[in-house]
$ cat my_file.cif   # mmCIF, C-alpha atoms
data_my_file
#
loop_
_atom_site.label_atom_id
_atom_site.label_comp_id
_atom_site.auth_asym_id
_atom_site.auth_seq_id
_atom_site.Cartn_x
_atom_site.Cartn_y
_atom_site.Cartn_z
CA MET H 1308 19.12 15.15 34.35
CA LYS H 1309 18.82 13.97 30.79
CA ARG H 1310 16.54 16.20 28.78
CA ILE H 1311 13.51 14.21 27.65
CA GLU H 1312 10.70 14.95 25.26
CA PRO H 1313 7.48 15.95 26.99
CA LEU H 1314 5.05 13.04 27.04
CA SER H 1315 1.68 13.25 25.34
CA GLU H 1316 -1.29 13.24 27.70
CA SER H 1317 -2.18 9.65 26.79
CA TYR H 1318 1.35 8.38 27.30
CA TYR H 1319 1.60 10.20 30.62
CA TYR H 1320 -1.64 8.76 31.97
CA ILE H 1321 -0.84 5.24 30.81
CA LEU H 1322 2.52 5.32 32.61
CA LEU H 1323 0.90 6.93 35.66
CA CYS H 1324 -1.78 4.24 35.85
CA LEU H 1325 0.91 1.56 35.82
CA ALA H 1326 3.00 3.18 38.58
CA ARG H 1327 1.21 1.24 41.33
CA GLY H 1328 1.32 -2.09 39.51
CA ALA H 1329 0.42 -3.95 36.34
CA ASN H 1330 -2.93 -3.28 34.71
CA HIS H 1331 -4.82 -4.18 31.54
CA GLY H 1332 -5.84 -1.76 28.81
CA TYR H 1333 -9.39 -1.37 30.05
CA GLY H 1334 -8.20 -0.78 33.63
CA ILE H 1335 -5.83 1.94 32.42
CA MET H 1336 -8.65 3.56 30.48
CA GLN H 1337 -11.03 3.57 33.48
CA MET H 1338 -8.38 4.76 35.91
CA THR H 1339 -7.39 7.57 33.56
CA GLU H 1340 -10.98 8.70 33.28
CA LYS H 1341 -11.41 8.60 37.03
CA LEU H 1342 -8.14 10.41 37.82
CA SER H 1343 -8.86 13.17 35.32
CA GLY H 1344 -12.48 13.54 36.35
CA GLY H 1345 -13.63 12.37 32.91
CA ASP H 1346 -11.50 14.92 31.04
CA VAL H 1347 -9.04 12.45 29.58
CA LYS H 1348 -10.22 9.39 27.69
CA ILE H 1349 -8.03 6.89 25.94
CA GLY H 1350 -9.71 5.27 22.96
CA SER H 1351 -8.74 1.84 21.68
CA GLY H 1352 -6.74 3.07 18.70
CA THR H 1353 -4.82 5.50 20.87
CA MET H 1354 -4.29 2.82 23.52
CA TYR H 1355 -2.95 0.24 21.08
CA GLY H 1356 -0.63 2.73 19.38
CA ALA H 1357 0.69 4.15 22.65
CA THR H 1358 1.29 0.76 24.32
CA ASN H 1359 2.89 -0.54 21.13
CA ASN H 1360 5.29 2.42 20.95
CA MET H 1361 6.11 2.29 24.64
CA MET H 1362 6.84 -1.45 24.44
CA LYS H 1363 9.18 -0.73 21.53
CA LYS H 1364 10.90 1.96 23.60
CA GLY H 1365 11.15 -0.49 26.49
CA TRP H 1366 9.12 1.64 28.92
CA ILE H 1367 6.50 -1.05 29.51
CA HIS H 1368 6.22 -4.75 28.84
CA GLU H 1369 3.46 -7.26 28.61
CA ILE H 1370 2.78 -9.97 31.19
CA MET H 1371 0.04 -12.55 31.48
CA SER H 1372 -2.21 -12.28 34.48
CA ASP H 1373 -2.26 -15.21 36.91
CA GLU H 1374 -5.02 -13.78 39.09
CA PRO H 1375 -7.97 -16.12 39.48
CA GLY H 1376 -10.71 -15.14 37.03
CA LEU H 1377 -8.29 -13.06 34.99
CA GLU H 1378 -6.03 -15.86 33.76
CA ARG H 1379 -4.27 -15.24 30.50
CA ARG H 1380 -5.41 -11.66 30.44
CA ARG H 1381 -2.82 -9.31 29.00
CA LEU H 1382 -1.39 -6.87 31.54
CA TYR H 1383 1.09 -4.07 31.07
CA GLN H 1384 3.87 -3.43 33.55
CA LEU H 1385 6.30 -0.54 33.92
CA THR H 1386 9.97 -1.29 33.31
CA ASP H 1387 12.74 0.53 35.18
CA SER H 1388 13.30 2.83 32.25
CA GLY H 1389 9.55 3.49 32.04
CA ARG H 1390 9.53 4.43 35.71
CA GLU H 1391 12.44 6.79 35.11
CA VAL H 1392 10.65 8.43 32.18
CA LEU H 1393 7.55 8.93 34.33
CA ARG H 1394 9.62 10.40 37.17
CA GLY H 1395 11.37 12.72 34.74
CA GLU H 1396 8.04 13.88 33.33
CA ILE H 1397 6.57 14.50 36.78
CA ALA H 1398 9.64 16.55 37.71
CA ARG H 1399 9.31 18.53 34.50
CA LEU H 1400 5.61 19.21 35.12
CA ARG H 1401 6.33 20.20 38.75
CA ARG H 1402 9.03 22.62 37.68
CA MET H 1403 6.68 24.16 35.13
CA LEU H 1404 4.01 24.61 37.80
CA GLU H 1405 6.50 26.11 40.26
CA ASN H 1406 7.69 28.48 37.56
CA ALA H 1407 4.11 29.54 36.99
CA GLU H 1408 3.75 30.36 40.67
CA GLU H 1409 6.97 32.38 40.71
CA VAL H 1410 5.79 34.68 37.94
CA MET K 48 -35.05 -18.17 8.13
CA SER K 49 -33.76 -16.38 5.13
CA GLU K 50 -31.30 -13.61 5.69
CA LYS K 51 -31.14 -10.61 3.46
CA TYR K 52 -27.78 -9.60 2.12
CA LYS K 53 -26.58 -6.75 0.03
CA THR K 54 -23.27 -5.82 -1.52
CA SER K 55 -22.17 -2.25 -1.88
CA PHE K 56 -19.61 -1.26 -4.45
CA ARG K 57 -18.96 2.18 -3.10
CA VAL K 58 -15.30 3.08 -3.20
CA TYR K 59 -13.81 5.64 -0.87
CA SER K 60 -10.52 7.40 -1.16
CA ALA K 61 -8.27 6.76 1.82
CA TRP K 62 -8.08 10.43 2.80
CA ASN K 63 -11.83 10.42 2.97
CA TYR K 64 -12.25 7.38 5.21
CA GLN K 65 -14.36 9.36 7.68
CA LYS K 66 -17.00 9.56 4.97
CA GLU K 67 -17.03 5.76 4.82
CA VAL K 68 -17.48 5.62 8.60
CA GLU K 69 -20.40 8.05 8.38
CA ASP K 70 -21.99 6.00 5.60
CA LEU K 71 -21.59 2.78 7.59
CA ASN K 72 -23.25 4.41 10.60
CA ARG K 73 -26.11 5.60 8.43
CA ALA K 74 -26.49 2.14 6.83
CA SER K 75 -26.67 0.59 10.30
CA GLU K 76 -29.37 3.04 11.26
CA GLN K 77 -31.32 1.89 8.21
CA GLY K 78 -30.91 -1.74 9.27
CA TRP K 79 -27.98 -2.76 7.09
CA GLN K 80 -25.16 -4.15 9.24
CA LEU K 81 -21.67 -4.46 7.80
CA LYS K 82 -20.52 -8.06 7.55
CA LYS K 83 -17.27 -7.57 5.69
CA GLY K 84 -15.69 -4.31 4.66
CA GLY K 85 -13.50 -4.02 1.61
CA CYS K 86 -11.75 -1.57 -0.66
CA PHE K 87 -13.90 -2.33 -3.64
CA HIS K 88 -17.03 -3.85 -2.19
CA SER K 89 -18.60 -4.35 1.21
CA ARG K 90 -21.13 -6.95 2.32
CA PHE K 91 -24.11 -6.04 4.47
CA VAL K 92 -26.71 -8.13 6.22
CA LYS K 93 -30.19 -6.89 7.07
CA ASN K 94 -30.94 -6.57 10.75
CA PRO K 95 -33.18 -3.66 11.73
CA ASP K 96 -33.13 -4.55 15.43
CA ILE K 97 -29.61 -3.42 16.28
CA ARG K 98 -27.58 -0.35 15.64
CA TYR K 99 -23.81 -0.09 15.47
CA ARG K 100 -21.27 2.67 15.27
CA TYR K 101 -18.22 2.02 13.13
CA GLN K 102 -14.56 3.00 13.12
CA LEU K 103 -11.70 2.44 10.72
CA ASP K 104 -8.05 2.12 11.58
CA TYR K 105 -5.12 1.88 9.23
CA GLY K 106 -1.72 0.30 9.66
CA LYS K 107 0.36 -2.82 9.80
CA ILE K 108 -0.41 -4.48 13.12
CA ASP K 109 2.49 -6.18 14.91
CA ASN K 110 0.34 -8.19 17.28
CA MET K 111 -3.15 -8.87 16.00
CA GLY K 112 -4.25 -10.68 19.19
CA ARG K 113 -3.30 -7.76 21.40
CA TYR K 114 -4.79 -5.34 18.89
CA ILE K 115 -8.20 -7.02 18.83
CA GLU K 116 -8.16 -7.44 22.61
CA THR K 117 -7.40 -3.75 23.15
CA PHE K 118 -10.45 -2.87 21.08
CA ARG K 119 -12.66 -5.56 22.59
CA GLU K 120 -11.94 -4.26 26.10
CA GLN K 121 -13.72 -1.05 25.18
CA GLY K 122 -16.64 -2.76 23.49
CA TRP K 123 -15.36 -2.76 19.91
CA GLU K 124 -16.05 -5.81 17.83
CA TYR K 125 -13.45 -6.54 15.19
CA ILE K 126 -15.09 -7.14 11.82
CA ASN K 127 -12.28 -7.69 9.35
CA SER K 128 -9.23 -6.17 7.70
CA THR K 129 -8.65 -5.42 4.05
CA PHE K 130 -5.60 -6.71 2.20
CA ASN K 131 -4.09 -3.25 2.20
CA GLY K 132 -4.23 -2.63 5.93
CA TRP K 133 -7.59 -1.11 6.85
CA HIS K 134 -9.31 -2.54 9.91
CA TYR K 135 -13.06 -2.38 10.51
CA PHE K 136 -14.53 -2.19 14.01
CA ARG K 137 -18.04 -1.73 15.32
CA LYS K 138 -19.62 -1.05 18.68
CA LEU K 139 -23.25 -1.45 19.69
CA TYR K 140 -24.85 1.95 19.76
CA ASP K 141 -26.17 3.15 23.09
CA PRO K 142 -27.69 6.64 22.92
CA SER K 143 -26.98 7.23 26.61
CA LEU K 144 -23.22 7.09 26.06
CA PRO K 145 -21.33 10.26 25.19
CA GLU K 146 -20.12 10.68 21.64
CA GLU K 147 -16.44 10.34 22.70
CA ASP K 148 -17.06 6.69 23.54
CA TYR K 149 -17.33 6.01 19.83
CA GLU K 150 -13.94 7.51 19.05
CA ILE K 151 -10.90 5.27 18.79
CA PHE K 152 -8.36 8.07 18.55
CA THR K 153 -8.74 10.33 21.53
CA ASP K 154 -5.75 12.57 21.09
CA ARG K 155 -4.42 14.51 18.16
CA GLU K 156 -1.05 12.72 18.27
CA SER K 157 -2.40 9.21 17.69
CA LEU K 158 -4.81 10.30 14.98
CA LYS K 159 -1.98 12.09 13.26
CA GLU K 160 0.18 8.98 13.59
CA MET K 161 -2.45 6.90 11.83
CA ASN K 162 -2.89 9.47 9.06
CA THR K 163 0.87 9.76 8.66
CA ARG K 164 1.21 5.99 8.30
CA TRP K 165 -1.03 6.11 5.25
CA ALA K 166 0.39 9.37 3.93
CA ARG K 167 3.95 8.05 4.04
CA ILE K 168 3.10 5.03 1.91
CA ALA K 169 1.04 7.11 -0.52
CA LEU K 170 3.80 9.70 -0.91
CA ALA K 171 6.43 6.99 -1.41
CA MET K 172 4.30 5.25 -4.02
CA GLY K 173 3.47 8.55 -5.68
CA GLY K 174 7.20 9.31 -5.79
CA VAL K 175 8.05 5.97 -7.36
CA LEU K 176 5.30 6.41 -9.95
CA GLY K 177 6.59 9.93 -10.56
CA ALA K 178 10.05 8.52 -11.20
CA PHE K 179 8.56 5.97 -13.57
CA SER K 180 6.72 8.67 -15.46
CA LEU K 181 10.04 10.50 -15.88
CA MET K 182 11.43 7.32 -17.43
CA PHE K 183 8.47 7.21 -19.79
CA LEU K 184 9.00 10.87 -20.61
CA VAL K 185 12.59 10.12 -21.64
CA LYS K 186 11.36 7.12 -23.64
CA LEU K 187 8.75 9.33 -25.30
CA PHE K 188 11.42 11.75 -26.47
CA ARG K 189 13.50 8.96 -27.90
CA THR K 190 10.68 7.08 -29.58
CA PRO K 191 7.58 9.24 -29.77
CA ASP K 192 4.53 7.01 -30.07
CA LEU K 193 1.04 6.83 -28.71
CA PRO K 194 1.36 3.87 -26.29
CA THR K 195 4.22 5.56 -24.47
CA LEU K 196 2.23 8.77 -24.30
CA ILE K 197 -0.77 6.95 -22.85
CA GLN K 198 1.37 5.16 -20.29
CA LEU K 199 2.98 8.44 -19.36
CA VAL K 200 -0.38 10.15 -18.84
CA VAL K 201 -1.71 7.23 -16.75
CA LEU K 202 1.39 7.22 -14.57
CA LEU K 203 1.34 10.98 -14.11
CA VAL K 204 -2.32 10.96 -13.10
CA GLU K 205 -1.81 8.09 -10.65
CA SER K 206 1.25 9.72 -9.17
CA ALA K 207 -0.53 13.07 -8.82
CA ILE K 208 -3.56 11.48 -7.12
CA LEU K 209 -1.42 9.53 -4.65
CA ILE K 210 0.69 12.55 -3.78
CA ARG K 211 -2.40 14.73 -3.39
CA GLY K 212 -3.99 12.05 -1.17
CA GLY K 213 -0.83 11.75 0.88
CA LEU K 214 -0.67 15.50 1.44
CA ILE K 215 -4.34 15.69 2.42
CA MET K 216 -3.98 12.78 4.82
CA ARG K 217 -0.88 14.30 6.36
CA ASN K 218 -2.59 17.58 6.93
CA PRO K 219 -6.36 17.06 6.96
CA GLU K 220 -7.21 20.53 8.32
CA SER K 221 -5.66 22.25 5.32
CA SER K 222 -8.26 20.86 3.01
CA ARG K 223 -11.63 20.85 4.70
CA ASN K 224 -14.69 21.26 2.56
CA ARG K 225 -13.26 19.30 -0.27
CA ARG K 226 -15.70 17.97 -2.75
CA GLY K 227 -15.76 15.73 -5.74
CA ASP K 228 -13.70 12.85 -4.43
CA GLY K 229 -16.19 10.47 -6.04
CA ALA K 230 -15.78 12.29 -9.33
CA LEU K 231 -12.02 12.14 -8.88
CA ILE K 232 -12.05 8.38 -8.37
CA ALA K 233 -14.34 7.92 -11.37
CA ALA K 234 -12.02 10.09 -13.46
CA PHE K 235 -9.01 8.14 -12.24
CA LEU K 236 -10.58 4.77 -13.08
CA ALA K 237 -11.75 6.13 -16.43
CA VAL K 238 -8.22 7.27 -17.25
CA VAL K 239 -6.75 3.91 -16.29
CA LEU K 240 -9.38 1.98 -18.25
CA LEU K 241 -9.10 4.28 -21.23
CA GLY K 242 -5.32 3.92 -21.18
CA LEU K 243 -5.51 0.15 -21.00
CA THR K 244 -8.16 -0.11 -23.72
CA ALA K 245 -6.26 2.24 -25.99
CA SER K 246 -3.01 0.33 -25.46
CA ILE K 247 -4.67 -2.99 -26.14
CA THR K 248 -6.53 -1.72 -29.20
CA LEU K 249 -3.34 -0.24 -30.58
CA ARG K 250 -1.51 -3.44 -29.93
CA GLU K 251 -4.16 -5.32 -31.90
CA LEU K 252 -4.41 -2.83 -34.73
CA ARG K 253 -0.77 -1.94 -35.08
CA PRO K 254 1.36 -4.71 -33.64
CA ASP K 255 4.45 -3.03 -35.06
CA PHE K 256 4.08 -0.33 -32.43
CA TYR K 257 5.21 -2.92 -29.97
CA THR K 258 7.19 -5.56 -31.81
CA SER K 259 9.47 -5.67 -34.75
CA GLN K 260 8.30 -7.13 -38.00
CA SER K 261 10.71 -9.93 -37.75
CA ALA K 262 11.79 -12.53 -40.23
CA SER K 263 9.42 -14.80 -38.39
CA SER K 264 10.96 -18.09 -39.31
CA VAL K 265 13.88 -18.56 -41.58
CA ASP K 266 14.61 -21.90 -43.16
CA VAL K 267 17.59 -21.70 -45.44
CA PRO K 268 18.69 -24.99 -46.96
CA VAL K 269 21.46 -23.40 -48.97
CA ILE K 270 25.17 -23.99 -48.74
CA ASP K 271 26.26 -20.50 -49.65
CA ASN K 272 26.30 -17.47 -47.35
CA ARG K 273 22.81 -16.16 -46.90
CA TRP K 274 21.15 -13.20 -45.27
CA ALA K 275 17.73 -11.85 -44.37
CA ASP K 276 16.72 -8.34 -43.45
CA PHE K 277 14.47 -7.20 -40.68
CA LYS K 278 13.50 -3.95 -39.14
CA VAL K 279 13.01 -2.97 -35.50
CA ARG K 280 10.49 -0.15 -35.20
CA TYR K 281 10.22 -0.20 -31.46
CA PRO K 282 13.24 -0.56 -29.19
CA ASP K 283 12.72 -3.35 -26.73
CA ASN K 284 14.01 -6.67 -25.50
CA TYR K 285 13.56 -9.32 -28.17
CA TYR K 286 13.76 -13.05 -27.78
CA LEU K 287 15.61 -15.18 -30.23
CA ASP K 288 15.04 -18.89 -30.77
CA LEU K 289 17.87 -20.50 -32.66
CA ASP K 290 18.47 -24.05 -33.89
CA MET K 291 21.69 -24.70 -35.77
CA GLU K 292 22.99 -27.98 -37.06
CA ALA K 293 25.85 -28.53 -39.50
CA ASP K 294 28.77 -30.83 -40.15
CA ALA K 295 31.24 -28.02 -39.79
CA PRO K 296 31.01 -25.05 -37.40
CA MET K 297 28.63 -22.43 -38.74
CA THR K 298 28.37 -18.77 -37.87
CA PHE K 299 25.08 -17.05 -37.28
CA ALA K 300 25.14 -13.31 -36.73
CA ILE K 301 22.80 -10.35 -36.41
CA VAL K 302 24.29 -7.14 -37.75
CA ASN K 303 22.80 -3.67 -37.46
CA ASP K 304 22.79 -1.05 -40.21
CA LYS K 305 26.07 0.42 -38.99
CA GLY K 306 27.70 -2.92 -39.64
CA GLU K 307 28.09 -3.73 -35.93
CA THR K 308 27.49 -7.27 -34.82
CA VAL K 309 24.85 -7.35 -32.08
CA PHE K 310 24.76 -11.13 -31.79
CA GLU K 311 27.04 -13.88 -32.97
CA LYS K 312 27.21 -17.60 -32.50
CA THR K 313 29.68 -20.06 -34.04
CA GLU K 314 28.74 -23.64 -33.37
CA SER K 315 28.13 -26.87 -35.26
CA ASP K 316 25.25 -27.96 -33.08
CA PHE K 317 23.29 -25.39 -31.09
CA HIS K 318 19.77 -25.08 -29.75
CA GLY K 319 18.81 -21.98 -27.86
CA GLU K 320 15.48 -20.52 -26.79
CA ASP K 321 14.55 -17.07 -25.56
CA ILE K 322 17.98 -15.56 -25.96
CA ARG K 323 17.37 -12.01 -24.85
CA LEU K 324 18.54 -9.23 -27.12
CA ARG K 325 18.17 -5.53 -26.47
CA LEU K 326 17.59 -4.05 -29.91
CA PRO K 327 17.31 -0.30 -30.54
CA ARG K 328 15.20 0.73 -33.49
CA GLY K 329 16.81 0.31 -36.90
CA ASN K 330 17.51 -2.09 -39.72
CA TYR K 331 19.16 -5.43 -39.06
CA GLN K 332 20.41 -8.33 -41.02
CA PHE K 333 20.72 -11.99 -40.15
CA SER K 334 23.72 -13.56 -41.75
CA MET K 335 24.84 -17.13 -41.86
CA SER K 336 27.98 -18.71 -43.14
CA CYS K 337 29.15 -22.29 -43.22
CA GLU K 338 31.63 -24.46 -45.12
CA THR K 339 29.26 -27.36 -45.52
CA GLY K 340 25.55 -27.95 -45.66
CA TYR K 341 23.53 -26.80 -42.67
CA ASP K 342 20.12 -26.77 -41.20
CA LEU K 343 19.00 -23.55 -39.53
CA LYS K 344 15.83 -22.34 -37.92
CA CYS K 345 15.48 -19.05 -36.20
CA SER K 346 12.74 -16.76 -35.06
CA ILE K 347 12.71 -13.54 -33.16
CA ASP K 348 9.89 -11.80 -31.35
#
$ encode --input "my_file.cif" --output "structure tokens"
Amino acid sequence: MKRIEPLSESYYYILLCLARGANHGYGIMQMTEKLSGGDVKIGSGTMYGATNNMMKKGWIHEIMSDEPGLERRRLYQLTDSGREVLRGEIARLRRMLENAEEV
Amino acid sequence: MSEKYKTSFRVYSAWNYQKEVEDLNRASEQGWQLKKGGCFHSRFVKNPDIRYRYQLDYGKIDNMGRYIETFREQGWEYINSTFNGWHYFRKLYDPSLPEEDYEIFTDRESLKEMNTRWARIALAMGGVLGAFSLMFLVKLFRTPDLPTLIQLVVLLVESAILIRGGLIMRNPESSRNRRGDGALIAAFLAVVLLGLTASITLRELRPDFYTSQSASSVDVPVIDNRWADFKVRYPDNYYLDLDMEADAPMTFAIVNDKGETVFEKTESDFHGEDIRLRLPRGNYQFSMSCETGYDLKCSID
């Protein structure tokens, strides 16, 4: 497996929140808070910077919602390479946890 | 209904932008709501019934629509941006919400990214100004005079302030408990103003610091060879206006005190304006020669 840089907490949660499907910034923020039991929050500045960087890296891209009531709302969606990065990170975290248990 | 407005001329240094945020929050508490934030002045409108919390972001934004929407989703109202890339946001204050809800950077990485964006530009600009001041230093050695010295000092101070700011912004923890930023800005502005005033005064009082005492306009209705002397006290680019008319080709030349020709034109009918000449300091001579009668006008400044 290609060695990848560990993701920051915000990047990790954003990718994780998109794994099940596209979501908007606010949805990602709420889901992150819920998943982490309120420990991890993603502020607007952090959210914009992270999504901007990940779009540049090609991990996520922007789509327009066509759901009724949410028309023309900006949604983020994982790309294949984004999914691979997330998988790689999860594997890395799992290995680290397993290592901790071995010691 | 008349609305009450007020303009604040408080200036903050970029590495101290958190102070500005604190002041905006305090102003809001006192009923003054920011209408438009700026580098040099900010407008406020009186409204004691609401209370906002403010945040500042810095950077070039690729997609303003997405940017504003990302903030709006979390309750931030976009106020405005300054010409140099600072963005003002506010959120209605609700005491029941935890303090983290008024942060826009929630991890160290993104805050650092924002600080680094500013620091990089400041360090680059400081570096360029530093390079310029080196040029002025060289110039000062070659032609020691007061204007060059003043320019050198101004550039050095500006460069030092930018580099210091860049370093602080890059590593904010290293310099907690700093004081006197206001005094520093005042000193900086004072130095710039003093420098400018001194340069202008000197230019008025002693124009020869800047320009040569030229033969301002030479009209020589003589057939024989003629010449006129002038002196360059300050090396610079000079601009020559030249009108020559004669029946036979005439030669106009500028010769320096070593006898080298720095400019020469042989023509029977020539009109030129703003011919640029780089003249080092020294004594020069105009010389003209022509077989027949001629009409010549020239000026240099």
$ closest_residue --input "my_file.cif" --among "K:Gln77, K:Leu243, K:Val68, K:Tyr149" --to "chain H" --atoms "all atoms listed in the file"
K:Tyr149
$ resolve_selection --input "my_file.cif" --expression "the PyMOL selection byres ((chain H) within 7 of (chain K))" --output "number ranges by chain"
H: 1332-1333, 1348-1353, 1355-1356
$ write_last_selection --input "my_file.cif" --atoms "C-alpha atoms" --output "mmCIF file, in the frame of the given file"
data_model
loop_
_atom_site.group_PDB
_atom_site.id
_atom_site.type_symbol
_atom_site.label_atom_id
_atom_site.label_comp_id
_atom_site.auth_asym_id
_atom_site.auth_seq_id
_atom_site.Cartn_x
_atom_site.Cartn_y
_atom_site.Cartn_z
ATOM 1 C CA GLY H 1332 -5.840 -1.760 28.810
ATOM 2 C CA TYR H 1333 -9.390 -1.370 30.050
ATOM 3 C CA LYS H 1348 -10.220 9.390 27.690
ATOM 4 C CA ILE H 1349 -8.030 6.890 25.940
ATOM 5 C CA GLY H 1350 -9.710 5.270 22.960
ATOM 6 C CA SER H 1351 -8.740 1.840 21.680
ATOM 7 C CA GLY H 1352 -6.740 3.070 18.700
ATOM 8 C CA THR H 1353 -4.820 5.500 20.870
ATOM 9 C CA TYR H 1355 -2.950 0.240 21.080
ATOM 10 C CA GLY H 1356 -0.630 2.730 19.380
#
$ atom_distance --input "my_file.cif" --atom1 "atom CA of H:Thr1386" --atom2 "atom CA of H:Leu1400"
21.0 Å
$ resolve_selection --input "my_file.cif" --expression "the PyMOL selection byres ((chain K and resi 70) around 12)" --output "list in words"
Ser55, Arg57, Val58, Tyr59, Asn63, Tyr64, Gln65, Lys66, Glu67, Val68, Glu69, Leu71, Asn72, Arg73, Ala74, Ser75, Glu76, Gln77, Trp79, Gln80, Leu81, Ser89, Tyr99, Arg100, Tyr101 and Gln102 of chain K
$ residues_near_point --input "my_file.cif" --point "(2.1, -9.5, 33.6)" --cutoff "7 Å" --atoms "only C-alpha atoms" --output "list in words"
Ala1329, Glu1369, Ile1370, Met1371, Ser1372, Arg1381, Leu1382, Tyr1383 and Gln1384 of chain H
$ residues_around --input "my_file.cif" --residues "H:Leu1322" --least-positions-apart "5" --cutoff "12 Å" --atoms "only C-alpha atoms" --output "JSON, numbers by chain"
{"H": [1314, 1315, 1316, 1317, 1327, 1328, 1329, 1330, 1332, 1335, 1336, 1338, 1339, 1354, 1357, 1358, 1361, 1362, 1366, 1367, 1368, 1383, 1384, 1385, 1386, 1387, 1388, 1389, 1390, 1391, 1392, 1393, 1394, 1395, 1396, 1397]}
$ atom_distance --input "my_file.cif" --atom1 "atom CA of K:Ser143" --atom2 "atom CA of H:Tyr1319"
29.0 Å
$ residues_around --input "my_file.cif" --residues "K:Lys305" --least-positions-apart "2" --cutoff "12 Å" --atoms "all atoms listed in the file" --output "ChimeraX atom specification"
/K:301-303,307-309,329-332
$ closest_residue --input "my_file.cif" --among "K:Ala245, K:Asp304, K:Leu202, K:Ile208" --to "K:Leu231" --atoms "all atoms listed in the file"
K:Ile208
$ atom_distance --input "my_file.cif" --atom1 "atom CA of K:Ser206" --atom2 "atom CA of K:Ala230"
17.2 Å
$ resolve_selection --input "my_file.cif" --expression "the PyMOL selection byres ((chain K and resi 90) around 6)" --output "JSON, numbers by chain"
{"K": [53, 54, 82, 83, 89, 91]}
$ closest_residue --input "my_file.cif" --among "H:Ile1321, H:Ala1407, H:Ala1326, H:Ala1398" --to "H:Asn1360" --atoms "all atoms listed in the file"
H:Ile1321
